[in-house]
file input23.csv (CSV, C-alpha atoms)
chain,number,residue,atom,x,y,z
A,1,MET,CA,3.1,-37.2,-3.8
A,2,PRO,CA,0.7,-34.3,-4.0
A,3,ALA,CA,1.8,-30.9,-2.7
A,4,ILE,CA,0.6,-29.7,0.7
A,5,PRO,CA,-2.0,-27.0,0.2
A,6,LYS,CA,-1.3,-23.7,1.8
A,7,PHE,CA,-2.4,-20.1,2.3
A,8,VAL,CA,-0.1,-17.4,1.0
A,9,VAL,CA,-0.8,-13.9,2.5
A,10,LEU,CA,-1.3,-11.3,-0.3
A,11,SER,CA,-2.1,-8.3,1.9
A,12,GLU,CA,0.7,-5.8,2.7
A,13,GLN,CA,0.9,-6.8,6.4
A,14,LEU,CA,2.6,-10.2,6.4
A,15,ARG,CA,2.8,-10.3,2.6
A,16,GLY,CA,4.4,-13.6,1.4
A,17,GLN,CA,3.9,-15.5,4.7
A,18,MET,CA,2.8,-19.1,4.0
A,19,PHE,CA,0.7,-21.3,6.2
A,20,GLU,CA,0.7,-25.0,5.2
A,21,LEU,CA,-2.5,-26.8,5.7
A,22,SER,CA,-1.2,-30.1,7.1
A,23,GLN,CA,-3.7,-30.7,9.9
A,24,ASP,CA,-7.3,-32.0,9.7
A,25,GLU,CA,-8.7,-28.8,11.2
A,26,ILE,CA,-7.1,-25.4,10.9
A,27,THR,CA,-8.5,-22.5,12.9
A,28,ILE,CA,-7.9,-18.9,11.8
A,29,GLY,CA,-8.3,-16.0,14.2
A,30,ARG,CA,-6.7,-13.2,16.2
A,31,SER,CA,-6.0,-15.4,19.3
A,32,ASP,CA,-2.5,-16.8,19.8
A,33,ASP,CA,-3.9,-20.4,20.2
A,34,ARG,CA,-5.2,-20.5,16.6
A,35,THR,CA,-3.5,-22.5,14.0
A,36,ILE,CA,-3.1,-19.4,11.9
A,37,CYS,CA,-2.9,-16.3,14.1
A,38,LEU,CA,-3.5,-13.0,12.3
A,39,LYS,CA,-3.0,-10.1,14.8
A,40,ASP,CA,-5.4,-7.4,13.6
A,41,PRO,CA,-8.5,-5.8,15.1
A,42,THR,CA,-10.5,-6.7,12.0
A,43,VAL,CA,-10.0,-10.4,12.6
A,44,SER,CA,-12.2,-12.1,15.2
A,45,THR,CA,-10.7,-14.2,18.0
A,46,LEU,CA,-12.0,-17.3,16.1
A,47,HIS,CA,-12.7,-16.0,12.6
A,48,CYS,CA,-13.1,-19.2,10.5
A,49,LYS,CA,-12.2,-22.9,10.3
A,50,VAL,CA,-10.7,-24.9,7.5
A,51,THR,CA,-11.4,-28.6,7.7
A,52,ARG,CA,-9.9,-31.5,5.6
A,53,ASN,CA,-12.5,-33.4,3.7
A,54,GLY,CA,-10.6,-36.3,2.0
A,55,ASP,CA,-8.0,-34.5,-0.2
A,56,LYS,CA,-9.9,-31.3,-0.3
A,57,TYR,CA,-10.3,-28.5,2.3
A,58,VAL,CA,-13.6,-26.8,3.3
A,59,ILE,CA,-13.8,-23.4,4.9
A,60,ALA,CA,-16.6,-22.1,7.1
A,61,ASP,CA,-17.0,-18.8,8.9
A,62,ALA,CA,-17.1,-19.2,12.7
A,63,GLY,CA,-19.5,-16.4,13.4
A,64,SER,CA,-16.9,-13.7,13.0
A,65,THR,CA,-17.8,-10.0,13.4
A,66,ASN,CA,-16.6,-9.0,9.9
A,67,GLY,CA,-17.4,-12.2,8.1
A,68,THR,CA,-15.3,-14.3,5.8
A,69,LYS,CA,-15.2,-13.8,2.0
A,70,VAL,CA,-14.1,-16.2,-0.8
A,71,ASN,CA,-13.4,-14.5,-4.1
A,72,GLY,CA,-15.1,-11.4,-2.9
A,73,LYS,CA,-18.4,-13.1,-1.9
A,74,PRO,CA,-19.5,-13.4,1.7
A,75,LEU,CA,-19.3,-16.9,3.0
A,76,ALA,CA,-22.8,-18.0,4.1
A,77,GLU,CA,-22.1,-21.7,4.3
A,78,GLU,CA,-19.3,-24.2,4.0
A,79,TYR,CA,-17.2,-23.8,0.8
A,80,GLU,CA,-14.9,-26.3,-0.8
A,81,LEU,CA,-11.7,-24.4,-1.6
A,82,GLN,CA,-10.3,-24.5,-5.1
A,83,ASN,CA,-6.7,-23.7,-6.2
A,84,GLY,CA,-6.4,-20.0,-6.6
A,85,ASP,CA,-9.3,-19.0,-4.4
A,86,ILE,CA,-8.8,-15.7,-2.5
A,87,VAL,CA,-10.0,-15.9,1.1
A,88,ARG,CA,-10.6,-12.6,2.9
A,89,VAL,CA,-10.3,-12.8,6.7
A,90,GLY,CA,-10.7,-9.3,8.2
A,91,ALA,CA,-8.0,-7.1,6.5
A,92,PHE,CA,-6.1,-10.1,5.2
A,93,GLU,CA,-6.3,-11.7,1.8
A,94,LEU,CA,-5.0,-15.3,1.6
A,95,LEU,CA,-4.4,-17.1,-1.6
A,96,TYR,CA,-5.3,-20.8,-1.4
A,97,ASP,CA,-2.6,-22.7,-3.3
A,98,THR,CA,-2.5,-26.5,-4.0
A,99,GLU,CA,0.3,-26.2,-6.6
A,100,ASP,CA,-1.9,-28.5,-8.7
A,101,LYS,CA,-0.8,-27.6,-12.3
A,102,THR,CA,-3.7,-29.5,-13.9
A,103,MET,CA,-6.4,-27.2,-12.5
A,104,VAL,CA,-7.7,-24.4,-14.7
A,105,MET,CA,-8.1,-21.1,-13.0
A,106,SER,CA,-10.1,-18.1,-14.2
A,107,ILE,CA,-8.4,-14.7,-14.2
A,108,GLN,CA,-9.0,-12.8,-10.9
A,109,LYS,CA,-8.0,-9.5,-9.6
A,110,THR,CA,-7.7,-9.3,-5.8
A,111,GLN,CA,-8.6,-6.4,-3.6
A,112,THR,CA,-4.9,-5.9,-3.1
A,113,GLY,CA,-4.5,-5.4,-6.8
A,114,ILE,CA,-2.6,-8.6,-7.5
A,115,ASP,CA,-3.6,-10.4,-10.7
A,116,ILE,CA,-3.8,-14.2,-10.4
A,117,ASN,CA,-4.1,-16.3,-13.5
A,118,ALA,CA,-3.4,-19.9,-14.5
A,119,ALA,CA,-0.4,-19.2,-16.8
A,120,GLY,CA,1.5,-17.1,-14.2
A,121,MET,CA,0.3,-18.8,-11.0
A,122,THR,CA,3.6,-20.5,-10.1
A,123,GLN,CA,5.6,-17.4,-10.8
A,124,THR,CA,3.2,-15.2,-8.9
A,125,ILE,CA,3.3,-17.5,-5.9
A,126,LYS,CA,7.1,-17.7,-6.0
A,127,SER,CA,7.5,-13.9,-6.2
A,128,VAL,CA,5.0,-13.4,-3.4
A,129,ALA,CA,6.7,-16.1,-1.3
A,130,ASN,CA,10.1,-14.6,-1.9
A,131,SER,CA,9.1,-11.1,-0.9
A,132,GLY,CA,9.1,-12.1,2.8
A,133,PHE,CA,8.1,-9.4,5.3
A,134,THR,CA,9.4,-6.4,3.5
A,135,GLU,CA,7.5,-3.2,3.7
A,136,ARG,CA,6.1,-1.6,0.6
A,137,LYS,CA,8.7,0.7,-0.8
A,138,GLN,CA,7.8,4.4,-1.0
A,139,SER,CA,8.9,5.2,-4.5
A,140,SER,CA,7.1,8.5,-4.2
A,141,GLY,CA,9.2,9.6,-1.2
A,142,LEU,CA,12.1,10.7,-3.4
A,143,SER,CA,9.8,12.5,-5.8
A,144,ASN,CA,8.1,14.3,-2.8
A,145,LYS,CA,11.5,15.5,-1.6
A,146,LEU,CA,12.4,16.6,-5.1
A,147,MET,CA,9.2,18.6,-5.4
A,148,ILE,CA,9.8,20.3,-2.0
A,149,LEU,CA,13.4,21.2,-3.1
A,150,ILE,CA,12.1,22.7,-6.4
A,151,VAL,CA,9.4,24.7,-4.6
A,152,VAL,CA,12.0,26.1,-2.1
A,153,LEU,CA,14.4,27.0,-4.9
A,154,LEU,CA,11.7,28.8,-6.8
A,155,ALA,CA,10.7,30.7,-3.7
A,156,LEU,CA,14.4,31.7,-3.2
A,157,ILE,CA,14.6,32.9,-6.8
A,158,PHE,CA,11.4,34.9,-6.4
A,159,LEU,CA,12.7,36.5,-3.3
A,160,ALA,CA,16.1,37.4,-4.9
A,161,ILE,CA,14.3,39.0,-7.9
A,162,LEU,CA,12.0,40.9,-5.5
A,163,ALA,CA,15.0,42.1,-3.5
A,164,MET,CA,16.8,43.2,-6.7
A,165,PHE,CA,13.7,45.1,-7.8
A,166,VAL,CA,13.4,46.9,-4.4
A,167,MET,CA,17.1,47.8,-4.4
A,168,ASN,CA,16.9,49.2,-8.0
A,169,PHE,CA,13.8,51.1,-7.1
A,170,MET,CA,15.5,52.7,-4.0
A,171,ASP,CA,18.6,53.5,-6.0
A,172,SER,CA,16.6,55.1,-8.8
A,173,ASN,CA,14.8,57.3,-6.2
A,174,LYS,CA,18.2,58.4,-4.7
A,175,ASN,CA,19.5,59.2,-8.2
A,176,ALA,CA,16.4,61.1,-9.0
A,177,ASN,CA,16.7,63.2,-5.9
A,178,ALA,CA,20.4,63.9,-6.8
A,179,PHE,CA,19.4,65.6,-10.1
A,180,ILE,CA,16.8,67.9,-8.6
A,181,PRO,CA,18.5,71.3,-8.6
A,182,ALA,CA,18.4,73.1,-5.3
A,183,GLN,CA,16.5,76.3,-5.3
A,184,ALA,CA,18.7,79.2,-5.8
A,185,PRO,CA,18.5,81.8,-3.2
A,186,ALA,CA,16.5,84.8,-4.1
A,187,LEU,CA,18.5,87.5,-5.6
A,188,THR,CA,18.2,91.0,-4.2
A,189,ARG,CA,19.0,93.9,-6.4
A,190,ILE,CA,21.0,96.6,-5.0
A,191,VAL,CA,20.4,99.9,-6.7
call {"tool": "encode", "arguments": {"input": "input23.csv", "output": "structure tokens"}}
result
Amino acid sequence: MPAIPKFVVLSEQLRGQMFELSQDEITIGRSDDRTICLKDPTVSTLHCKVTRNGDKYVIADAGSTNGTKVNGKPLAEEYELQNGDIVRVGAFELLYDTEDKTMVMSIQKTQTGIDINAAGMTQTIKSVANSGFTERKQSSGLSNKLMILIVVLLALIFLAILAMFVMNFMDSNKNANAFIPAQAPALTRIV
């Protein structure tokens, strides 16, 4: 029994979400009554349609505002989806996956920076699917805090050195004034 084709969301928002294509017609859009609802202002109410044609699926733009792209190319007419195709609907990138291991796929790099290739296809899909709805981790957050801490410490060290310099300068002025002999009173001679 062949696997059910599906779309796997690659974009950060909804990353890993899978939509099985088990109906004869799938509508994609921002509206709640679409088969695949992608809530984002870059997605039209009815953005595109995916229709079953035998054992294949064909995608067509539905007059969307921002258009639909397949593998980075704007969709001008119907297109028969192939395993590994990247469909762009507004701000979302969707990987078309048929899990057909016999198909040969060329190496592609998506706009989200994910490499898709024939050798690692199954692993890529599993890791994307297992990632669920997690937000992208901010690994730079810790390094930003560390940088701020270093800058604050350097500023405190600078201020301490400056304070020591000022105190030494004031002490040296006091000491310098202490060694200045007072003028002796004028001597008067008595004859």
call {"tool": "residues_around", "arguments": {"input": "input23.csv", "residues": "Gly72 (chain A)", "least_positions_apart": "3", "cutoff": "8 Å", "atoms": "only C-alpha atoms", "output": "PyMOL selection string"}}
result
chain A and resi 69+86-88
call {"tool": "residues_around", "arguments": {"input": "input23.csv", "residues": "region 22-33 of chain A", "least_positions_apart": "2", "cutoff": "6 Å", "atoms": "all atoms listed in the file", "output": "mmCIF file with C-alpha atoms, in the frame of the given file"}}
result
data_model
loop_
_atom_site.group_PDB
_atom_site.id
_atom_site.type_symbol
_atom_site.label_atom_id
_atom_site.label_comp_id
_atom_site.auth_asym_id
_atom_site.auth_seq_id
_atom_site.Cartn_x
_atom_site.Cartn_y
_atom_site.Cartn_z
ATOM 1 C CA GLU A 20 0.700 -25.000 5.200
ATOM 2 C CA THR A 35 -3.500 -22.500 14.000
ATOM 3 C CA ILE A 36 -3.100 -19.400 11.900
ATOM 4 C CA CYS A 37 -2.900 -16.300 14.100
ATOM 5 C CA LEU A 38 -3.500 -13.000 12.300
ATOM 6 C CA LYS A 39 -3.000 -10.100 14.800
ATOM 7 C CA VAL A 43 -10.000 -10.400 12.600
ATOM 8 C CA SER A 44 -12.200 -12.100 15.200
ATOM 9 C CA THR A 45 -10.700 -14.200 18.000
ATOM 10 C CA LEU A 46 -12.000 -17.300 16.100
ATOM 11 C CA HIS A 47 -12.700 -16.000 12.600
ATOM 12 C CA CYS A 48 -13.100 -19.200 10.500
ATOM 13 C CA LYS A 49 -12.200 -22.900 10.300
ATOM 14 C CA VAL A 50 -10.700 -24.900 7.500
ATOM 15 C CA THR A 51 -11.400 -28.600 7.700
ATOM 16 C CA ARG A 52 -9.900 -31.500 5.600
#
call {"tool": "atom_distance", "arguments": {"input": "input23.csv", "atom1": "CA of Thr98 (chain A)", "atom2": "CA of Asp40 (chain A)"}}
result
26.1 Å
call {"tool": "atom_distance", "arguments": {"input": "input23.csv", "atom1": "CA of Asn53 (chain A)", "atom2": "CA of Ala91 (chain A)"}}
result
26.8 Å
call {"tool": "atom_distance", "arguments": {"input": "input23.csv", "atom1": "CA of Tyr79 (chain A)", "atom2": "CA of Ala60 (chain A)"}}
result
6.6 Å
call {"tool": "closest_residue", "arguments": {"input": "input23.csv", "among": "A:Gly54, A:Gly63, A:Pro41, A:Pro5", "to": "Tyr96 (chain A)", "atoms": "all atoms listed in the file"}}
result
A:Pro5
call {"tool": "closest_residue", "arguments": {"input": "input23.csv", "among": "A:Met170, A:Val58, A:Leu21, A:Ala163", "to": "Lys6 (chain A)", "atoms": "all atoms listed in the file"}}
result
A:Leu21
